[in-house]
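Enquirer: Let me give you the structure first, and then I'll get to my questions.
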Amino acid sequence: MAETLRYRDDQPVDHPAVTVDAFVDQSNAQAVRIEPGDDTRELLPHLQRLALVEVNFPAFGDGRGYSSARMLREAGYKGELRAVGDVLVDQLAYMRRCGFDAFEPDQQFDMDDVKAAFERWPEVYQNAADDRTPIWTKRHP
């Protein structure tokens with residue numbers, strides 16, 4: 001595993017993440033790991049006690065984690081949302097739009113590439129889980 005990139009001001013969670021099934025059956029877990037195929041909706045009643053949600057990307061082409069992230073953010077989850085696994089630098093900006101604020105890739109990123117990935121598209125076209133303003137609202141106030 002490479003170094004975790006965090007875009008948050010709070011302290012990192014030091015609790016190990018448990019599976020969704022284990023999390024739902026426990027009352028003291030604060031970190032959970034979503035695997036492809038897990039039903040993210042099972043976590044929605046427990047958002048207040050969650051401090052960390054890891055979303056596993058076992059292969060860069062598996063996009064189900066994007067939906068999990070967006071669903072959690074739209075439901076009001078405020079904790080750390082970390083993409084882990086086969087995360088590519090080209091995906092970072094899109095993952096941020098879906099609500100991810102931390103990344104733990106299998107391979108270390110070059111920080112110049114990370115900076116370029118986040119700066120590549122200064123404008124966006126639709127609302128998302130992040131707070132960026134779509135360009136069309138700037139043209140038509």
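FYI, nothing fancy with the structure tokens labels: chains A, B, ... in order, residues from 1 per chain, ligands from 1 as they appear.
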Extract, using only C-alpha atoms, all DNA, RNA and protein residues at most 8 Å from segment 104-115 of chain A, discarding same-chain residues fewer than 3 positions from it, and format them as a list of chain:residue names.
Expert: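 The contact residues come out as A:Met1, A:Ala2, A:Glu3, A:Thr4, A:Leu5, A:Arg82, A:Ala83, A:Val84, A:Gly85, A:Asp86, A:Val87, A:Leu88, A:Val89, A:Leu92, A:Phe118, A:Glu119.
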Enquirer: Take the residues from that selection and put them in a file with all heavy atoms, as a CSV table (one decimal), in the first residue's frame.
Expert:
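Output file selection-v8.csv is given in full below:
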```csv
chain,number,residue,atom,x,y,z
A,1,MET,N,0.8,-1.2,0.0
A,1,MET,CA,0.0,0.0,0.0
A,1,MET,C,0.9,1.2,0.0
A,1,MET,O,1.9,1.3,0.6
A,1,MET,CB,-0.9,0.0,1.2
A,1,MET,CG,-2.0,-0.9,1.2
A,1,MET,SD,-3.5,-0.1,0.6
A,1,MET,CE,-4.5,-1.5,0.3
A,2,ALA,N,0.4,2.3,-0.7
A,2,ALA,CA,1.1,3.5,-0.7
A,2,ALA,C,0.6,4.4,0.4
A,2,ALA,O,-0.4,4.1,1.1
A,2,ALA,CB,0.8,4.2,-2.1
A,3,GLU,N,1.2,5.5,0.6
A,3,GLU,CA,0.8,6.5,1.6
A,3,GLU,C,-0.6,7.0,1.3
A,3,GLU,O,-1.0,7.2,0.2
A,3,GLU,CB,1.8,7.7,1.5
A,3,GLU,CG,1.6,8.7,2.6
A,3,GLU,CD,2.6,9.9,2.5
A,3,GLU,OE1,3.7,9.6,2.1
A,3,GLU,OE2,2.2,11.0,2.8
A,4,THR,N,-1.3,7.2,2.4
A,4,THR,CA,-2.7,7.7,2.2
A,4,THR,C,-2.7,9.2,2.0
A,4,THR,O,-2.0,10.0,2.7
A,4,THR,CB,-3.5,7.4,3.5
A,4,THR,OG1,-3.5,6.0,3.7
A,4,THR,CG2,-4.9,8.0,3.4
A,5,LEU,N,-3.4,9.7,1.0
A,5,LEU,CA,-3.6,11.1,0.7
A,5,LEU,C,-4.9,11.5,1.4
A,5,LEU,O,-5.9,10.9,1.1
A,5,LEU,CB,-3.7,11.4,-0.8
A,5,LEU,CG,-2.5,11.0,-1.6
A,5,LEU,CD1,-2.8,11.3,-3.1
A,5,LEU,CD2,-1.3,11.8,-1.2
A,82,ARG,N,-12.7,7.1,2.2
A,82,ARG,CA,-11.4,6.8,1.6
A,82,ARG,C,-11.5,5.7,0.5
A,82,ARG,O,-12.1,4.7,0.7
A,82,ARG,CB,-10.5,6.2,2.7
A,82,ARG,CG,-9.1,5.9,2.3
A,82,ARG,CD,-8.3,5.3,3.4
A,82,ARG,NE,-8.3,6.2,4.5
A,82,ARG,CZ,-7.9,5.8,5.8
A,82,ARG,NH1,-7.5,4.5,5.9
A,82,ARG,NH2,-7.8,6.6,6.8
A,83,ALA,N,-11.0,6.0,-0.7
A,83,ALA,CA,-10.9,5.1,-1.8
A,83,ALA,C,-9.6,4.3,-1.6
A,83,ALA,O,-8.6,4.9,-1.5
A,83,ALA,CB,-10.9,5.8,-3.1
A,84,VAL,N,-9.7,3.0,-1.6
A,84,VAL,CA,-8.6,2.1,-1.4
A,84,VAL,C,-8.5,1.1,-2.5
A,84,VAL,O,-9.5,0.7,-3.2
A,84,VAL,CB,-8.6,1.4,0.0
A,84,VAL,CG1,-8.7,2.4,1.1
A,84,VAL,CG2,-9.8,0.4,0.0
A,85,GLY,N,-7.3,0.6,-2.8
A,85,GLY,CA,-7.1,-0.4,-3.8
A,85,GLY,C,-6.5,0.1,-5.1
A,85,GLY,O,-5.6,0.9,-5.1
A,86,ASP,N,-7.1,-0.4,-6.2
A,86,ASP,CA,-6.6,-0.1,-7.5
A,86,ASP,C,-7.1,1.3,-8.0
A,86,ASP,O,-7.9,1.4,-8.9
A,86,ASP,CB,-7.0,-1.2,-8.5
A,86,ASP,CG,-6.2,-1.2,-9.8
A,86,ASP,OD1,-5.1,-0.5,-9.9
A,86,ASP,OD2,-6.6,-1.8,-10.8
A,87,VAL,N,-6.7,2.3,-7.3
A,87,VAL,CA,-7.1,3.7,-7.6
A,87,VAL,C,-6.0,4.3,-8.4
A,87,VAL,O,-4.8,4.3,-8.1
A,87,VAL,CB,-7.2,4.5,-6.2
A,87,VAL,CG1,-7.5,5.9,-6.5
A,87,VAL,CG2,-8.3,3.8,-5.4
A,88,LEU,N,-6.4,4.9,-9.6
A,88,LEU,CA,-5.4,5.5,-10.5
A,88,LEU,C,-5.5,7.0,-10.4
A,88,LEU,O,-6.5,7.6,-10.1
A,88,LEU,CB,-5.7,5.1,-11.9
A,88,LEU,CG,-5.8,3.6,-12.2
A,88,LEU,CD1,-6.1,3.3,-13.7
A,88,LEU,CD2,-4.5,2.9,-11.8
A,89,VAL,N,-4.4,7.6,-10.6
A,89,VAL,CA,-4.3,9.1,-10.5
A,89,VAL,C,-5.3,9.8,-11.4
A,89,VAL,O,-5.9,10.8,-11.1
A,89,VAL,CB,-2.8,9.6,-10.8
A,89,VAL,CG1,-2.5,9.5,-12.2
A,89,VAL,CG2,-2.7,11.0,-10.2
A,92,LEU,N,-8.8,10.4,-9.7
A,92,LEU,CA,-8.9,11.2,-8.5
A,92,LEU,C,-9.9,12.3,-8.5
A,92,LEU,O,-10.7,12.5,-7.6
A,92,LEU,CB,-7.5,11.8,-8.1
A,92,LEU,CG,-6.4,10.8,-7.7
A,92,LEU,CD1,-5.1,11.5,-7.3
A,92,LEU,CD2,-6.9,9.9,-6.6
A,118,PHE,N,-6.0,17.2,-10.3
A,118,PHE,CA,-7.0,18.0,-9.7
A,118,PHE,C,-7.2,19.4,-10.4
A,118,PHE,O,-8.2,20.0,-10.3
A,118,PHE,CB,-6.7,18.2,-8.2
A,118,PHE,CG,-7.0,17.0,-7.3
A,118,PHE,CD1,-6.0,16.6,-6.4
A,118,PHE,CD2,-8.2,16.3,-7.4
A,118,PHE,CE1,-6.3,15.5,-5.6
A,118,PHE,CE2,-8.4,15.2,-6.7
A,118,PHE,CZ,-7.5,14.8,-5.8
A,119,GLU,N,-6.2,19.8,-11.1
A,119,GLU,CA,-6.2,21.1,-11.8
A,119,GLU,C,-6.7,21.0,-13.2
A,119,GLU,O,-6.9,22.0,-13.9
A,119,GLU,CB,-4.9,21.8,-11.7
A,119,GLU,CG,-4.5,22.2,-10.3
A,119,GLU,CD,-3.1,22.8,-10.2
A,119,GLU,OE1,-2.4,22.7,-11.2
A,119,GLU,OE2,-2.8,23.3,-9.1
```
Enquirer: Can you list, as a PDB file with N, CA, C and O atoms, in the first residue's frame, every protein, DNA or RNA residue that comes within 7 Å of Ala69 of chain A when you count only C-alpha atoms, leaving out same-chain residues fewer than 5 positions away?
Expert:
```pdb
ATOM      1  N   CYS A  98     -17.426  12.696  -6.399  1.00  0.00           N
ATOM      2  CA  CYS A  98     -18.391  11.773  -5.792  1.00  0.00           C
ATOM      3  C   CYS A  98     -18.371  11.816  -4.277  1.00  0.00           C
ATOM      4  O   CYS A  98     -19.228  11.223  -3.634  1.00  0.00           O
ATOM      5  N   GLY A  99     -17.386  12.487  -3.685  1.00  0.00           N
ATOM      6  CA  GLY A  99     -17.357  12.631  -2.242  1.00  0.00           C
ATOM      7  C   GLY A  99     -16.150  12.069  -1.529  1.00  0.00           C
ATOM      8  O   GLY A  99     -16.016  12.231  -0.318  1.00  0.00           O
ATOM      9  N   PHE A 100     -15.251  11.407  -2.226  1.00  0.00           N
ATOM     10  CA  PHE A 100     -14.052  10.887  -1.570  1.00  0.00           C
ATOM     11  C   PHE A 100     -13.162  12.046  -1.128  1.00  0.00           C
ATOM     12  O   PHE A 100     -12.984  13.020  -1.861  1.00  0.00           O
TER      13      PHE A 100
END
```
Enquirer: At a cut-off of 9 Å, using only C-alpha atoms, what residues contact segment 11-15 of chain A? Leave out same-chain residues fewer than 6 positions from it and give the result as a ChimeraX atom specification.
Expert: /A:29-31,51-52,80
Enquirer: Those same residues, written as a compact mmCIF listing (two decimals), in the first residue's frame with all heavy atoms?
Expert:
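Written out: again-v5.txt:
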```txt
# COMPACT_ATOMS: atom_id res chain seq x y z
N ALA A 29 -18.24 -0.39 16.51
CA ALA A 29 -17.38 -0.15 15.34
C ALA A 29 -17.61 1.26 14.81
O ALA A 29 -18.74 1.75 14.78
CB ALA A 29 -17.67 -1.18 14.26
N GLN A 30 -16.52 1.91 14.40
CA GLN A 30 -16.60 3.26 13.85
C GLN A 30 -16.05 3.35 12.44
O GLN A 30 -16.09 4.42 11.83
CB GLN A 30 -15.84 4.24 14.74
CG GLN A 30 -16.44 4.40 16.10
CD GLN A 30 -15.64 5.38 16.93
OE1 GLN A 30 -14.45 5.56 16.74
NE2 GLN A 30 -16.32 6.04 17.84
N ALA A 31 -15.51 2.25 11.93
CA ALA A 31 -14.94 2.23 10.59
C ALA A 31 -15.42 0.99 9.85
O ALA A 31 -15.49 -0.10 10.42
CB ALA A 31 -13.41 2.23 10.68
N ALA A 51 -16.95 7.01 11.54
CA ALA A 51 -15.88 7.99 11.42
C ALA A 51 -15.08 7.79 10.13
O ALA A 51 -14.47 8.72 9.62
CB ALA A 51 -14.94 7.88 12.62
N LEU A 52 -15.10 6.56 9.60
CA LEU A 52 -14.34 6.24 8.39
C LEU A 52 -15.10 5.20 7.58
O LEU A 52 -15.55 4.19 8.12
CB LEU A 52 -12.96 5.68 8.76
CG LEU A 52 -12.16 5.03 7.63
CD1 LEU A 52 -11.76 6.05 6.57
CD2 LEU A 52 -10.93 4.33 8.19
N GLU A 80 -14.69 10.65 7.13
CA GLU A 80 -13.72 10.38 6.07
C GLU A 80 -14.23 9.30 5.14
O GLU A 80 -14.74 8.26 5.58
CB GLU A 80 -12.39 9.94 6.69
CG GLU A 80 -11.31 9.70 5.66
CD GLU A 80 -9.96 9.40 6.27
OE1 GLU A 80 -9.67 9.87 7.39
OE2 GLU A 80 -9.18 8.67 5.61
```
Enquirer: If you measure from atom CA of Tyr66 of chain A to atom CA of Ala116 of chain A, what distance in Å do you get, rounded to one decimal?
Expert: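 Atom CA of Tyr66 of chain A sits 20.9 Å away from atom CA of Ala116 of chain A.
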Enquirer: Counting only C-alpha atoms, which residue out of A:Leu72, A:Val18, A:Ala129, A:Leu81 sits closest to Val53 of chain A?
Expert: A:Leu81
Enquirer: I'd like a table as JSON lines: residues in segment 18-123 of chain A with an atom no more than 12 Å from segment 132-140 of chain A, each row giving the shortest atom pair and its distance in Å to one decimal, only C-alpha atoms counted, sorted by chain and rising residue number.
Expert:
```
{"residue": "A:Ala93", "atom": "CA", "partner": "A:Arg132", "partner_atom": "CA", "distance": 11.7}
{"residue": "A:Arg96", "atom": "CA", "partner": "A:Arg132", "partner_atom": "CA", "distance": 10.4}
{"residue": "A:Arg97", "atom": "CA", "partner": "A:Arg132", "partner_atom": "CA", "distance": 8.3}
{"residue": "A:Cys98", "atom": "CA", "partner": "A:Arg132", "partner_atom": "CA", "distance": 11.3}
{"residue": "A:Gly99", "atom": "CA", "partner": "A:Arg132", "partner_atom": "CA", "distance": 11.4}
{"residue": "A:Trp121", "atom": "CA", "partner": "A:Ile135", "partner_atom": "CA", "distance": 11.4}
{"residue": "A:Pro122", "atom": "CA", "partner": "A:Ile135", "partner_atom": "CA", "distance": 9.6}
{"residue": "A:Glu123", "atom": "CA", "partner": "A:Ile135", "partner_atom": "CA", "distance": 6.0}
```
Enquirer: Just the number, please: distance in Å from atom CA of Asp25 of chain A to atom CA of Lys78 of chain A, one decimal.
Expert: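 Value for the atom CA of Asp25 of chain A-atom CA of Lys78 of chain A distance: 21.8 Å.
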Enquirer: Tell me, which residues of chain A carry DSSP strand (DSSP E or B), written as a list in words?
Expert: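 Strand (DSSP E or B) members of chain A, listed: Leu5, Arg6, Val18, Thr19, Ala31, Val32, Arg33, Ile34, Leu52, Val53, Glu54, Val55, Asn56, Phe57, Glu80, Leu81, Arg82, Ala83, Val84, Gly85, Ala102, Phe103, Glu104, Pro105, Val124 and Pro134 of chain A.
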Enquirer: Would you return as a ChimeraX atom specification the members of segment 1-94 of chain A that DSSP assigns to alpha helix (DSSP H) on this structure's backbone?
Expert: /A:20-25,64-74,92-94
Enquirer: Could you check which of A:Ile34, A:Ala128, A:Ala117, A:Glu42 is closest to Glu74 of chain A, using only C-alpha atoms?
Expert: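 Smallest separation from Glu74 of chain A among the options: A:Ala128.
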Enquirer: Excluding Gly37 of chain A and residues on its chain fewer than 6 positions from it, collect all residues at most 12 Å away from it, counting only C-alpha atoms, and give them as a list in words.
Expert: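 Answer for this query is Thr19, Val20, Val55, Asn56, Phe57, Pro58, Asp62, Gly63, Arg64, Gly65, Ser67 and Ser68 of chain A.
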Enquirer: Using only C-alpha atoms, which residue out of A:Leu44, A:Ala59, A:Val124, A:Ala102 lies closest to Gly76 of chain A?
Expert: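 Smallest separation from Gly76 of chain A among the options: A:Leu44.
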Enquirer: Quick one, how far is atom CA of Arg49 of chain A from atom CA of Asp101 of chain A?
Expert: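 Distance between the two atoms: 18.1 Å.
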